[in-house]
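Content type mmCIF, C-alpha atoms, from the file run.cif:
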data_start
#
loop_
_atom_site.group_PDB
_atom_site.id
_atom_site.type_symbol
_atom_site.label_atom_id
_atom_site.label_comp_id
_atom_site.auth_asym_id
_atom_site.auth_seq_id
_atom_site.Cartn_x
_atom_site.Cartn_y
_atom_site.Cartn_z
ATOM 1 C CA MET A 3 134.252 105.629 96.390
ATOM 2 C CA PHE A 4 132.155 107.964 94.282
ATOM 3 C CA VAL A 5 128.767 108.827 95.784
ATOM 4 C CA LEU A 6 126.273 110.719 93.652
ATOM 5 C CA GLY A 7 123.901 112.727 95.860
ATOM 6 C CA ILE A 8 120.550 113.684 94.367
ATOM 7 C CA ASP A 9 118.017 116.281 95.501
ATOM 8 C CA PRO A 10 115.216 115.140 93.186
ATOM 9 C CA GLY A 11 112.894 117.464 91.334
ATOM 10 C CA LEU A 12 111.225 117.871 87.974
ATOM 11 C CA SER A 13 111.895 121.592 87.519
ATOM 12 C CA ARG A 14 115.271 121.440 89.273
ATOM 13 C CA CYS A 15 117.157 118.280 90.176
ATOM 14 C CA GLY A 16 120.334 118.949 92.147
ATOM 15 C CA TYR A 17 123.279 116.561 91.924
ATOM 16 C CA SER A 18 126.671 116.364 93.535
ATOM 17 C CA CYS A 19 129.300 113.696 93.050
ATOM 18 C CA LEU A 20 131.652 113.294 96.009
ATOM 19 C CA SER A 21 134.737 111.182 96.461
ATOM 20 C CA GLY A 22 136.922 110.287 99.410
ATOM 21 C CA HIS A 23 136.285 109.793 103.111
ATOM 22 C CA GLY A 24 136.063 111.950 106.219
ATOM 23 C CA THR A 25 138.057 115.181 105.986
ATOM 24 C CA ALA A 26 139.377 114.062 102.577
ATOM 25 C CA THR A 27 135.911 114.173 101.021
ATOM 26 C CA ARG A 28 135.808 116.371 97.938
ATOM 27 C CA ALA A 29 133.212 117.389 95.373
ATOM 28 C CA VAL A 30 134.103 116.032 91.938
ATOM 29 C CA ALA A 31 131.104 117.519 90.167
ATOM 30 C CA ALA A 32 127.959 119.391 91.096
ATOM 31 C CA GLY A 33 125.121 121.073 89.280
ATOM 32 C CA VAL A 34 121.405 121.261 88.596
ATOM 33 C CA ILE A 35 119.422 119.518 85.866
ATOM 34 C CA THR A 36 116.511 121.735 84.869
ATOM 35 C CA THR A 37 113.558 120.996 82.614
ATOM 36 C CA PRO A 38 111.302 123.676 81.085
ATOM 37 C CA PRO A 39 108.199 124.144 83.290
ATOM 38 C CA HIS A 40 105.940 124.656 80.267
ATOM 39 C CA ASP A 41 106.908 121.417 78.534
ATOM 40 C CA PRO A 42 104.628 118.393 78.999
ATOM 41 C CA VAL A 43 105.546 116.278 82.040
ATOM 42 C CA PRO A 44 106.401 113.102 80.064
ATOM 43 C CA GLN A 45 108.919 115.050 77.915
ATOM 44 C CA ARG A 46 110.460 116.600 81.014
ATOM 45 C CA LEU A 47 110.828 113.180 82.659
ATOM 46 C CA ALA A 48 112.466 111.804 79.517
ATOM 47 C CA ALA A 49 114.877 114.753 79.427
ATOM 48 C CA LEU A 50 115.773 114.170 83.079
ATOM 49 C CA GLN A 51 116.286 110.486 82.311
ATOM 50 C CA ARG A 52 118.760 111.322 79.525
ATOM 51 C CA GLU A 53 120.723 113.741 81.731
ATOM 52 C CA ILE A 54 120.896 111.350 84.677
ATOM 53 C CA ARG A 55 121.995 108.515 82.415
ATOM 54 C CA ALA A 56 124.774 110.726 81.051
ATOM 55 C CA LEU A 57 125.916 111.653 84.585
ATOM 56 C CA LEU A 58 125.953 108.001 85.676
ATOM 57 C CA GLY A 59 127.948 107.140 82.578
ATOM 58 C CA GLU A 60 130.454 109.947 83.136
ATOM 59 C CA PHE A 61 131.106 109.523 86.868
ATOM 60 C CA THR A 62 130.243 105.822 87.387
ATOM 61 C CA PRO A 63 129.353 106.294 91.081
ATOM 62 C CA SER A 64 129.124 103.131 93.169
ATOM 63 C CA VAL A 65 126.270 104.605 95.203
ATOM 64 C CA VAL A 66 123.430 107.004 94.445
ATOM 65 C CA ALA A 67 122.092 108.651 97.619
ATOM 66 C CA ILE A 68 118.741 110.351 97.087
ATOM 67 C CA GLU A 69 116.565 112.470 99.334
ATOM 68 C CA ARG A 70 113.297 110.708 100.107
ATOM 69 C CA VAL A 71 110.250 112.614 98.923
ATOM 70 C CA LEU A 72 107.832 113.490 101.691
ATOM 71 C CA PHE A 73 104.736 114.631 99.923
ATOM 72 C CA GLN A 74 103.205 115.955 103.088
ATOM 73 C CA ILE A 75 105.619 118.866 102.654
ATOM 74 C CA ASN A 76 104.397 120.429 99.426
ATOM 75 C CA VAL A 77 101.280 118.886 97.960
ATOM 76 C CA ARG A 78 101.420 120.940 94.747
ATOM 77 C CA THR A 79 104.871 119.841 93.602
ATOM 78 C CA ALA A 80 105.183 116.481 95.391
ATOM 79 C CA MET A 81 103.914 114.365 92.506
ATOM 80 C CA GLY A 82 106.450 115.813 90.049
ATOM 81 C CA VAL A 83 109.226 115.317 92.583
ATOM 82 C CA GLY A 84 108.109 111.730 93.151
ATOM 83 C CA GLN A 85 108.012 110.998 89.420
ATOM 84 C CA ALA A 86 111.475 112.517 89.000
ATOM 85 C CA ALA A 87 112.809 110.449 91.916
ATOM 86 C CA GLY A 88 111.324 107.316 90.339
ATOM 87 C CA VAL A 89 113.143 107.969 87.061
ATOM 88 C CA VAL A 90 116.456 108.634 88.838
ATOM 89 C CA MET A 91 116.239 105.506 91.018
ATOM 90 C CA ALA A 92 115.361 103.206 88.104
ATOM 91 C CA GLU A 93 118.244 104.594 86.022
ATOM 92 C CA ALA A 94 120.697 104.270 88.907
ATOM 93 C CA VAL A 95 119.835 100.610 89.517
ATOM 94 C CA ALA A 96 119.987 99.955 85.766
ATOM 95 C CA ALA A 97 123.507 101.454 85.794
ATOM 96 C CA GLY A 98 124.560 99.018 88.512
ATOM 97 C CA CYS A 99 124.625 101.478 91.430
ATOM 98 C CA ASP A 100 123.458 100.840 94.953
ATOM 99 C CA VAL A 101 120.610 103.261 95.646
ATOM 100 C CA VAL A 102 119.893 104.495 99.150
ATOM 101 C CA GLU A 103 117.150 106.896 100.208
ATOM 102 C CA TYR A 104 117.522 109.266 103.161
ATOM 103 C CA SER A 105 114.800 111.393 104.706
ATOM 104 C CA PRO A 106 115.369 115.162 104.978
ATOM 105 C CA ASN A 107 115.681 114.736 108.749
ATOM 106 C CA GLN A 108 118.339 112.030 108.418
ATOM 107 C CA VAL A 109 120.331 114.279 106.086
ATOM 108 C CA LYS A 110 120.174 117.287 108.415
ATOM 109 C CA GLN A 111 120.996 115.121 111.421
ATOM 110 C CA ALA A 112 124.070 113.694 109.666
ATOM 111 C CA VAL A 113 125.379 117.003 108.320
ATOM 112 C CA CYS A 114 124.390 119.444 111.085
ATOM 113 C CA GLY A 115 123.798 117.144 114.051
ATOM 114 C CA ASP A 116 120.233 118.432 114.179
ATOM 115 C CA GLY A 117 117.324 116.938 112.217
ATOM 116 C CA ALA A 118 115.545 120.283 112.387
ATOM 117 C CA ALA A 119 118.453 122.377 111.058
ATOM 118 C CA GLY A 120 117.616 125.233 108.679
ATOM 119 C CA LYS A 121 118.570 125.478 105.017
ATOM 120 C CA ASP A 122 121.350 128.024 105.598
ATOM 121 C CA GLN A 123 122.876 125.849 108.279
ATOM 122 C CA VAL A 124 122.964 122.900 105.874
ATOM 123 C CA THR A 125 124.629 125.071 103.205
ATOM 124 C CA ARG A 126 127.290 126.280 105.660
ATOM 125 C CA MET A 127 128.047 122.775 106.949
ATOM 126 C CA VAL A 128 128.312 121.346 103.423
ATOM 127 C CA GLN A 129 130.761 124.130 102.551
ATOM 128 C CA MET A 130 132.839 123.370 105.639
ATOM 129 C CA LEU A 131 132.780 119.562 105.280
ATOM 130 C CA LEU A 132 133.884 119.812 101.655
ATOM 131 C CA GLY A 133 136.528 122.460 102.404
ATOM 132 C CA LEU A 134 135.129 124.944 99.903
ATOM 133 C CA SER A 135 135.964 128.645 99.898
ATOM 134 C CA GLU A 136 132.400 129.492 98.837
ATOM 135 C CA PRO A 137 129.067 127.837 99.663
ATOM 136 C CA LEU A 138 127.649 125.537 96.980
ATOM 137 C CA ARG A 139 124.873 127.381 95.137
ATOM 138 C CA PRO A 140 122.042 127.092 94.347
ATOM 139 C CA ALA A 141 120.528 125.311 97.334
ATOM 140 C CA ASP A 142 119.584 122.259 95.204
ATOM 141 C CA VAL A 143 123.296 121.548 94.674
ATOM 142 C CA SER A 144 124.167 122.011 98.324
ATOM 143 C CA ASP A 145 121.235 119.767 99.326
ATOM 144 C CA ALA A 146 122.409 117.083 96.894
ATOM 145 C CA ALA A 147 125.892 117.237 98.424
ATOM 146 C CA ALA A 148 124.323 116.961 101.880
ATOM 147 C CA VAL A 149 122.573 113.693 100.914
ATOM 148 C CA ALA A 150 125.862 112.276 99.626
ATOM 149 C CA LEU A 151 127.628 113.374 102.837
ATOM 150 C CA CYS A 152 124.834 111.740 104.843
ATOM 151 C CA HIS A 153 125.490 108.462 103.054
ATOM 152 C CA MET A 154 129.226 108.740 103.648
ATOM 153 C CA ALA A 155 128.616 109.359 107.344
ATOM 154 C CA GLN A 156 126.669 106.057 107.541
ATOM 155 C CA SER A 157 129.302 104.079 105.653
ATOM 156 C CA PRO A 158 132.195 102.306 107.347
ATOM 157 C CA ILE A 159 135.330 104.459 107.237
ATOM 158 C CA PRO A 160 138.571 102.637 106.371
ATOM 159 C CA ALA A 161 140.552 102.037 109.555
ATOM 160 C CA VAL A 162 143.623 104.202 110.084
ATOM 161 C CA ALA A 163 146.637 101.965 109.731
ATOM 162 C CA PRO A 164 148.830 101.843 112.891
ATOM 163 C CA ARG A 165 152.221 103.486 112.417
ATOM 164 C CA MET B 18 96.953 102.637 65.638
ATOM 165 C CA PHE B 19 98.222 100.805 68.696
ATOM 166 C CA VAL B 20 97.435 102.501 71.999
ATOM 167 C CA LEU B 21 99.043 101.151 75.156
ATOM 168 C CA GLY B 22 96.880 101.926 78.189
ATOM 169 C CA ILE B 23 98.594 101.986 81.569
ATOM 170 C CA ASP B 24 97.111 101.858 85.067
ATOM 171 C CA PRO B 25 100.326 102.743 86.883
ATOM 172 C CA GLY B 26 101.458 101.148 90.120
ATOM 173 C CA LEU B 27 104.559 99.839 91.813
ATOM 174 C CA SER B 28 103.071 96.621 93.213
ATOM 175 C CA ARG B 29 100.762 96.125 90.223
ATOM 176 C CA CYS B 30 100.952 98.029 86.940
ATOM 177 C CA GLY B 31 98.136 97.130 84.536
ATOM 178 C CA TYR B 32 98.636 97.394 80.790
ATOM 179 C CA SER B 33 96.474 96.839 77.771
ATOM 180 C CA CYS B 34 97.427 97.326 74.137
ATOM 181 C CA LEU B 35 94.463 98.095 71.880
ATOM 182 C CA SER B 36 94.242 98.460 68.131
ATOM 183 C CA GLY B 37 91.561 99.677 65.743
ATOM 184 C CA HIS B 38 88.792 102.273 65.966
ATOM 185 C CA GLY B 39 85.217 102.438 67.228
ATOM 186 C CA THR B 40 83.429 99.073 67.227
ATOM 187 C CA ALA B 41 86.493 97.511 65.566
ATOM 188 C CA THR B 42 88.688 98.170 68.621
ATOM 189 C CA ARG B 43 90.319 95.010 69.904
ATOM 190 C CA ALA B 44 92.723 94.100 72.695
ATOM 191 C CA VAL B 45 96.041 92.887 71.295
ATOM 192 C CA ALA B 46 97.649 92.232 74.659
ATOM 193 C CA ALA B 47 96.841 92.797 78.309
ATOM 194 C CA GLY B 48 98.362 91.943 81.623
ATOM 195 C CA VAL B 49 99.831 93.106 84.898
ATOM 196 C CA ILE B 50 103.464 93.837 85.733
ATOM 197 C CA THR B 51 104.067 93.035 89.392
ATOM 198 C CA THR B 52 107.092 93.727 91.561
ATOM 199 C CA PRO B 53 107.782 92.019 94.911
ATOM 200 C CA PRO B 54 106.497 94.252 97.755
ATOM 201 C CA HIS B 55 109.417 93.322 100.005
ATOM 202 C CA ASP B 56 112.133 94.308 97.527
ATOM 203 C CA PRO B 57 113.712 97.778 97.890
ATOM 204 C CA VAL B 58 111.833 100.473 95.937
ATOM 205 C CA PRO B 59 114.736 101.328 93.574
ATOM 206 C CA GLN B 60 115.029 97.654 92.494
ATOM 207 C CA ARG B 61 111.267 97.465 91.941
ATOM 208 C CA LEU B 62 111.339 100.619 89.805
ATOM 209 C CA ALA B 63 114.211 99.220 87.745
ATOM 210 C CA ALA B 64 112.301 95.939 87.240
ATOM 211 C CA LEU B 65 109.231 97.887 86.103
ATOM 212 C CA GLN B 66 111.419 99.901 83.742
ATOM 213 C CA ARG B 67 112.763 96.703 82.126
ATOM 214 C CA GLU B 68 109.272 95.238 81.683
ATOM 215 C CA ILE B 69 107.815 98.426 80.232
ATOM 216 C CA ARG B 70 110.738 98.779 77.845
ATOM 217 C CA ALA B 71 110.159 95.201 76.669
ATOM 218 C CA LEU B 72 106.433 95.884 76.111
ATOM 219 C CA LEU B 73 107.166 99.072 74.156
ATOM 220 C CA GLY B 74 109.668 97.159 72.042
ATOM 221 C CA GLU B 75 107.262 94.285 71.377
ATOM 222 C CA PHE B 76 104.108 96.254 70.542
ATOM 223 C CA THR B 77 105.570 99.589 69.314
ATOM 224 C CA PRO B 78 102.460 101.605 70.260
ATOM 225 C CA SER B 79 102.171 105.086 68.772
ATOM 226 C CA VAL B 80 100.514 106.377 71.939
ATOM 227 C CA VAL B 81 100.807 105.534 75.615
ATOM 228 C CA ALA B 82 97.715 106.613 77.566
ATOM 229 C CA ILE B 83 98.250 106.641 81.320
ATOM 230 C CA GLU B 84 95.952 107.272 84.240
ATOM 231 C CA ARG B 85 96.950 110.426 86.088
ATOM 232 C CA VAL B 86 97.884 109.821 89.697
ATOM 233 C CA LEU B 87 95.740 111.738 92.169
ATOM 234 C CA PHE B 88 97.535 111.393 95.438
ATOM 235 C CA GLN B 89 94.649 112.792 97.372
ATOM 236 C CA ILE B 90 93.066 109.356 96.848
ATOM 237 C CA ASN B 91 95.436 107.132 98.789
ATOM 238 C CA VAL B 92 98.213 108.888 100.644
ATOM 239 C CA ARG B 93 99.956 105.659 101.663
ATOM 240 C CA THR B 94 100.524 104.294 98.162
ATOM 241 C CA ALA B 95 100.468 107.502 96.095
ATOM 242 C CA MET B 96 104.215 108.084 96.120
ATOM 243 C CA GLY B 97 104.979 104.605 94.789
ATOM 244 C CA VAL B 98 102.328 105.015 92.107
ATOM 245 C CA GLY B 99 103.777 108.409 91.148
ATOM 246 C CA GLN B 100 107.307 107.018 90.941
ATOM 247 C CA ALA B 101 106.064 104.132 88.787
ATOM 248 C CA ALA B 102 104.178 106.543 86.517
ATOM 249 C CA GLY B 103 107.323 108.643 86.157
ATOM 250 C CA VAL B 104 109.348 105.631 85.022
ATOM 251 C CA VAL B 105 106.665 104.575 82.527
ATOM 252 C CA MET B 106 106.294 108.069 81.025
ATOM 253 C CA ALA B 107 110.042 108.597 80.618
ATOM 254 C CA GLU B 108 110.424 105.196 78.934
ATOM 255 C CA ALA B 109 107.482 105.826 76.616
ATOM 256 C CA VAL B 110 108.857 109.184 75.421
ATOM 257 C CA ALA B 111 112.310 107.626 75.008
ATOM 258 C CA ALA B 112 110.680 104.947 72.804
ATOM 259 C CA GLY B 113 109.207 107.657 70.573
ATOM 260 C CA CYS B 114 105.584 107.392 71.772
ATOM 261 C CA ASP B 115 103.176 110.228 72.369
ATOM 262 C CA VAL B 116 102.224 110.139 76.040
ATOM 263 C CA VAL B 117 98.853 111.406 77.237
ATOM 264 C CA GLU B 118 97.593 111.502 80.826
ATOM 265 C CA TYR B 119 93.902 111.165 81.680
ATOM 266 C CA SER B 120 92.318 111.672 85.086
ATOM 267 C CA PRO B 121 90.221 108.839 86.549
ATOM 268 C CA ASN B 122 87.122 110.986 85.995
ATOM 269 C CA GLN B 123 87.953 111.558 82.323
ATOM 270 C CA VAL B 124 88.387 107.810 81.861
ATOM 271 C CA LYS B 125 85.077 106.946 83.517
ATOM 272 C CA GLN B 126 83.289 109.704 81.618
ATOM 273 C CA ALA B 127 84.644 108.416 78.296
ATOM 274 C CA VAL B 128 83.939 104.736 78.924
ATOM 275 C CA CYS B 129 80.737 104.867 80.983
ATOM 276 C CA GLY B 130 79.390 108.362 80.224
ATOM 277 C CA ASP B 131 79.622 109.106 83.950
ATOM 278 C CA GLY B 132 82.734 110.481 85.688
ATOM 279 C CA ALA B 133 81.531 108.967 88.953
ATOM 280 C CA ALA B 134 80.943 105.444 87.600
ATOM 281 C CA GLY B 135 81.891 102.510 89.846
ATOM 282 C CA LYS B 136 84.665 99.982 89.219
ATOM 283 C CA ASP B 137 82.273 97.184 88.173
ATOM 284 C CA GLN B 138 80.585 99.485 85.686
ATOM 285 C CA VAL B 139 83.968 100.301 84.104
ATOM 286 C CA THR B 140 84.813 96.581 83.888
ATOM 287 C CA ARG B 141 81.465 95.787 82.205
ATOM 288 C CA MET B 142 81.777 98.646 79.695
ATOM 289 C CA VAL B 143 85.361 97.705 78.802
ATOM 290 C CA GLN B 144 84.185 94.125 78.183
ATOM 291 C CA MET B 145 81.362 95.356 75.948
ATOM 292 C CA LEU B 146 83.409 97.927 74.015
ATOM 293 C CA LEU B 147 86.107 95.350 73.264
ATOM 294 C CA GLY B 148 83.575 92.628 72.370
ATOM 295 C CA LEU B 149 84.933 90.168 74.926
ATOM 296 C CA SER B 150 83.030 87.117 76.154
ATOM 297 C CA GLU B 151 84.469 87.573 79.653
ATOM 298 C CA PRO B 152 85.403 90.709 81.610
ATOM 299 C CA LEU B 153 89.118 91.589 81.677
ATOM 300 C CA ARG B 154 90.572 90.547 85.032
ATOM 301 C CA PRO B 155 92.114 91.632 87.310
ATOM 302 C CA ALA B 156 90.769 95.183 87.624
ATOM 303 C CA ASP B 157 94.220 96.692 86.863
ATOM 304 C CA VAL B 158 94.029 95.242 83.344
ATOM 305 C CA SER B 159 90.484 96.424 82.772
ATOM 306 C CA ASP B 160 91.413 99.896 84.069
ATOM 307 C CA ALA B 161 94.402 100.025 81.720
ATOM 308 C CA ALA B 162 92.127 99.137 78.783
ATOM 309 C CA ALA B 163 89.702 101.860 79.927
ATOM 310 C CA VAL B 164 92.481 104.504 79.721
ATOM 311 C CA ALA B 165 93.367 103.358 76.203
ATOM 312 C CA LEU B 166 89.663 103.453 75.213
ATOM 313 C CA CYS B 167 89.435 106.953 76.714
ATOM 314 C CA HIS B 168 92.281 108.070 74.479
ATOM 315 C CA MET B 169 90.680 106.497 71.412
ATOM 316 C CA ALA B 170 87.401 108.259 72.195
ATOM 317 C CA GLN B 171 89.244 111.618 72.137
ATOM 318 C CA SER B 172 91.064 110.874 68.884
ATOM 319 C CA PRO B 173 89.652 111.737 65.475
ATOM 320 C CA ILE B 174 87.960 108.723 63.899
ATOM 321 C CA PRO B 175 88.661 108.116 60.201
ATOM 322 C CA ALA B 176 85.723 109.426 58.163
ATOM 323 C CA VAL B 177 83.415 106.828 56.633
ATOM 324 C CA ALA B 178 83.972 106.939 52.877
ATOM 325 C CA PRO B 179 80.786 107.794 50.908
ATOM 326 C CA ARG B 180 79.506 104.875 48.841
#

Full structure transcribed into structure tokens:
Amino acid sequence: MFVLGIDPGLSRCGYSCLSGHGTATRAVAAGVITTPPHDPVPQRLAALQREIRALLGEFTPSVVAIERVLFQINVRTAMGVGQAAGVVMAEAVAAGCDVVEYSPNQVKQAVCGDGAAGKDQVTRMVQMLLGLSEPLRPADVSDAAAVALCHMAQSPIPAVAPR
Amino acid sequence: MFVLGIDPGLSRCGYSCLSGHGTATRAVAAGVITTPPHDPVPQRLAALQREIRALLGEFTPSVVAIERVLFQINVRTAMGVGQAAGVVMAEAVAAGCDVVEYSPNQVKQAVCGDGAAGKDQVTRMVQMLLGLSEPLRPADVSDAAAVALCHMAQSPIPAVAPR
């Protein structure tokens, strides 16, 4: 199962495509889609749309897990983040993916066991859960991987066959 | 020039396609795209995307004028409206349209001469400016036409040829 985790944003949209289950979970791809802050918003949204469509075409994830935008958090950037999330979700459904939203607290609870965990803690746990020698950087990428890991933690794990 | 006016929303997205200039401006099409409130948000955004793409394909507007979302206004629905606006703007740019955002105050100022005009006043002025025998209903449609009229009021009008 490929799960594409998304930390949505208009200036920076983190993504991370994971495969596998449990301790066998691995990152297949990860990165950040950026759009130029001085370009008009509609052009930036269209650029994000093209990049997301290309990612969905390349990795054909079965699920897109996306962090839910809480616009209480940062009033100045929340609308751009919401617009970006809207574009990603519409594209993902159009590509035939299941789309699931998780709140920041759900993600931290699933990855760190603590809904109030700090950013560094999330980065360290993502590194450990994916068996990486270095932490995923920048934070947008690590956060995107955390959302995908959160989804995997909610999903039924294939039973271990008796020997 | 076709201008597609959009009053964005996830439950109800008003649209109105206008053509012409000045007193010759006429509504070519108008309506509301609705999505079922009980469906998951990603599915609703994808449905809106399909409908908007169909409208852009049918009417091939040169400009899409969209009301800017001010999420100070209604915190509960603002995120859905922002996500819907994001989908519409990305689709419009992808279809080759210029996309212009106008604030509610700019729209009311352009259509009624008063940035603080009430909803009924906007509806009456839209009816008059488009030479309609009845007001455009529901309000989402009239508001979408008002955004398109606002854009037309900002655009250069072809000079009257000297006789």

Considering all atoms listed in the file, return as a PDB file with C-alpha atoms, in the coordinates of the input whatever protein or nucleic-acid residues lie within 6 Å of region 31-46 of chain B, sequence-local ones (same chain, fewer than 4 positions apart) excluded.
ATOM      1  CA  MET B  18      96.953 102.637  65.638  1.00  0.00           C
ATOM      2  CA  PHE B  19      98.222 100.805  68.696  1.00  0.00           C
ATOM      3  CA  VAL B  20      97.435 102.501  71.999  1.00  0.00           C
ATOM      4  CA  LEU B  21      99.043 101.151  75.156  1.00  0.00           C
ATOM      5  CA  GLY B  22      96.880 101.926  78.189  1.00  0.00           C
ATOM      6  CA  ILE B  23      98.594 101.986  81.569  1.00  0.00           C
ATOM      7  CA  ASP B  24      97.111 101.858  85.067  1.00  0.00           C
ATOM      8  CA  LEU B 147      86.107  95.350  73.264  1.00  0.00           C
ATOM      9  CA  ASP B 157      94.220  96.692  86.863  1.00  0.00           C
ATOM     10  CA  VAL B 158      94.029  95.242  83.344  1.00  0.00           C
ATOM     11  CA  ALA B 161      94.402 100.025  81.720  1.00  0.00           C
ATOM     12  CA  ALA B 162      92.127  99.137  78.783  1.00  0.00           C
TER      13      ALA B 162
END

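What separates CA of Met91 (chain A) from CA of Pro59 (chain B) is a distance of 5.1 Å.
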
May I have a table of the residues of chain A lying at most 12 Å from chain B, giving each one's closest pair of atoms and their distance in Å to one decimal, counting all atoms listed in the file, ordered by chain and ascending residue number, as a tab-separated table?
residue	atom	partner	partner_atom	distance
A:Pro10	CA	B:Gln100	CA	11.6
A:Gly11	CA	B:Gly103	CA	11.6
A:Leu12	CA	B:Gly103	CA	10.2
A:Pro42	CA	B:Val116	CA	9.1
A:Val43	CA	B:Met106	CA	8.3
A:Pro44	CA	B:Met106	CA	5.1
A:Gln45	CA	B:Val110	CA	6.4
A:Arg46	CA	B:Ala107	CA	8.0
A:Leu47	CA	B:Ala107	CA	5.1
A:Ala48	CA	B:Ala107	CA	4.2
A:Ala49	CA	B:Ala107	CA	7.9
A:Leu50	CA	B:Ala107	CA	8.4
A:Gln51	CA	B:Ala107	CA	6.7
A:Arg52	CA	B:Ala111	CA	8.7
A:Glu53	CA	B:Ala107	CA	11.9
A:Ile54	CA	B:Ala107	CA	11.9
A:Val66	CA	B:Pro59	CA	10.4
A:Ala67	CA	B:Pro59	CA	11.1
A:Ile68	CA	B:Pro59	CA	10.5
A:Arg70	CA	B:Met96	CA	10.3
A:Val71	CA	B:Met96	CA	8.0
A:Leu72	CA	B:Met96	CA	8.6
A:Phe73	CA	B:Met96	CA	7.6
A:Gln74	CA	B:Val92	CA	9.0
A:Val77	CA	B:Phe88	CA	8.7
A:Arg78	CA	B:Phe88	CA	10.3
A:Thr79	CA	B:Phe88	CA	11.3
A:Ala80	CA	B:Met96	CA	8.5
A:Met81	CA	B:Gly99	CA	6.1
A:Gly82	CA	B:Gly99	CA	7.9
A:Val83	CA	B:Gln100	CA	8.7
A:Gly84	CA	B:Gln100	CA	5.3
A:Gln85	CA	B:Gly103	CA	4.1
A:Ala86	CA	B:Gly103	CA	6.4
A:Ala87	CA	B:Gln100	CA	6.6
A:Gly88	CA	B:Gln100	CA	4.1
A:Val89	CA	B:Val104	CA	4.9
A:Val90	CA	B:Val104	CA	8.6
A:Met91	CA	B:Pro59	CA	5.1
A:Ala92	CA	B:Ala63	CA	4.2
A:Glu93	CA	B:Ala63	CA	6.9
A:Ala94	CA	B:Pro59	CA	8.1
A:Val95	CA	B:Ala63	CA	6.1
A:Ala96	CA	B:Ala63	CA	6.1
A:Ala97	CA	B:Ala63	CA	9.8
A:Gly98	CA	B:Ala63	CA	10.4
A:Cys99	CA	B:Pro59	CA	10.1
A:Asp100	CA	B:Pro59	CA	8.8
A:Val101	CA	B:Pro59	CA	6.5
A:Val102	CA	B:Pro59	CA	8.2
A:Glu103	CA	B:Pro59	CA	9.0

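Nearest-residue note for Cys114 (chain A): choosing from A:Ala141, A:Ile35, A:Leu134, A:Cys152, the minimum distance belongs to A:Cys152, counting only C-alpha atoms.
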
Mind giving me the axis-aligned box for region 97-112 of chain B with 8 Å on every side, centre plus edges in Å to one decimal, as AutoDock Vina command-line options?
--center_x 107.3 --center_y 106.7 --center_z 83.8 --size_x 26.0 --size_y 21.1 --size_z 38.0

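Here the PyMOL selection byres ((chain A and resi 128) around 8) captures the residues Val113, Val124, Thr125, Arg126, Met127, Gln129, Met130, Leu131, Leu132, Pro137, Leu138, Ser144, Ala147 and Ala148 of chain A.
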
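What separates CA of Arg139 (chain A) from CA of Asp122 (chain A) is a distance of 11.1 Å.
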
Gly132 (chain B) environment, 8 Å, only C-alpha atoms, sequence neighbours closer than 5 positions dropped, as a ChimeraX atom specification: /B:121-127

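Note that the spacing between CA of Ala71 (chain B) and CA of Asp160 (chain B) amounts to 20.7 Å.
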
Missing atoms in region 147-157 of chain B: can you complete it with N, CA and C atoms, as a PDB file, in the coordinates of the input?
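Output file rebuild_22.pdb is given in full below:
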ATOM      1  N   LEU B 147      85.077  96.157  73.935  1.00  0.00           N
ATOM      2  CA  LEU B 147      86.107  95.350  73.264  1.00  0.00           C
ATOM      3  C   LEU B 147      85.529  94.038  72.712  1.00  0.00           C
ATOM      4  N   GLY B 148      84.214  93.830  72.909  1.00  0.00           N
ATOM      5  CA  GLY B 148      83.575  92.628  72.370  1.00  0.00           C
ATOM      6  C   GLY B 148      84.118  91.338  72.960  1.00  0.00           C
ATOM      7  N   LEU B 149      84.366  91.352  74.270  1.00  0.00           N
ATOM      8  CA  LEU B 149      84.933  90.168  74.926  1.00  0.00           C
ATOM      9  C   LEU B 149      83.839  89.312  75.540  1.00  0.00           C
ATOM     10  N   SER B 150      84.042  88.012  75.560  1.00  0.00           N
ATOM     11  CA  SER B 150      83.030  87.117  76.154  1.00  0.00           C
ATOM     12  C   SER B 150      83.112  87.142  77.678  1.00  0.00           C
ATOM     13  N   GLU B 151      84.274  87.504  78.203  1.00  0.00           N
ATOM     14  CA  GLU B 151      84.469  87.573  79.653  1.00  0.00           C
ATOM     15  C   GLU B 151      85.038  88.948  80.008  1.00  0.00           C
ATOM     16  N   PRO B 152      84.771  89.444  81.210  1.00  0.00           N
ATOM     17  CA  PRO B 152      85.403  90.709  81.610  1.00  0.00           C
ATOM     18  C   PRO B 152      86.920  90.534  81.738  1.00  0.00           C
ATOM     19  N   LEU B 153      87.667  91.613  81.473  1.00  0.00           N
ATOM     20  CA  LEU B 153      89.118  91.589  81.677  1.00  0.00           C
ATOM     21  C   LEU B 153      89.394  91.575  83.178  1.00  0.00           C
ATOM     22  N   ARG B 154      90.175  90.630  83.631  1.00  0.00           N
ATOM     23  CA  ARG B 154      90.572  90.547  85.032  1.00  0.00           C
ATOM     24  C   ARG B 154      92.082  90.429  85.099  1.00  0.00           C
ATOM     25  N   PRO B 155      92.703  90.895  86.199  1.00  0.00           N
ATOM     26  CA  PRO B 155      92.114  91.632  87.310  1.00  0.00           C
ATOM     27  C   PRO B 155      91.762  93.065  86.924  1.00  0.00           C
ATOM     28  N   ALA B 156      91.265  93.835  87.890  1.00  0.00           N
ATOM     29  CA  ALA B 156      90.769  95.183  87.624  1.00  0.00           C
ATOM     30  C   ALA B 156      91.854  96.089  87.034  1.00  0.00           C
ATOM     31  N   ASP B 157      93.122  95.855  87.395  1.00  0.00           N
ATOM     32  CA  ASP B 157      94.220  96.692  86.863  1.00  0.00           C
ATOM     33  C   ASP B 157      94.250  96.621  85.336  1.00  0.00           C
TER      34      ASP B 157
END
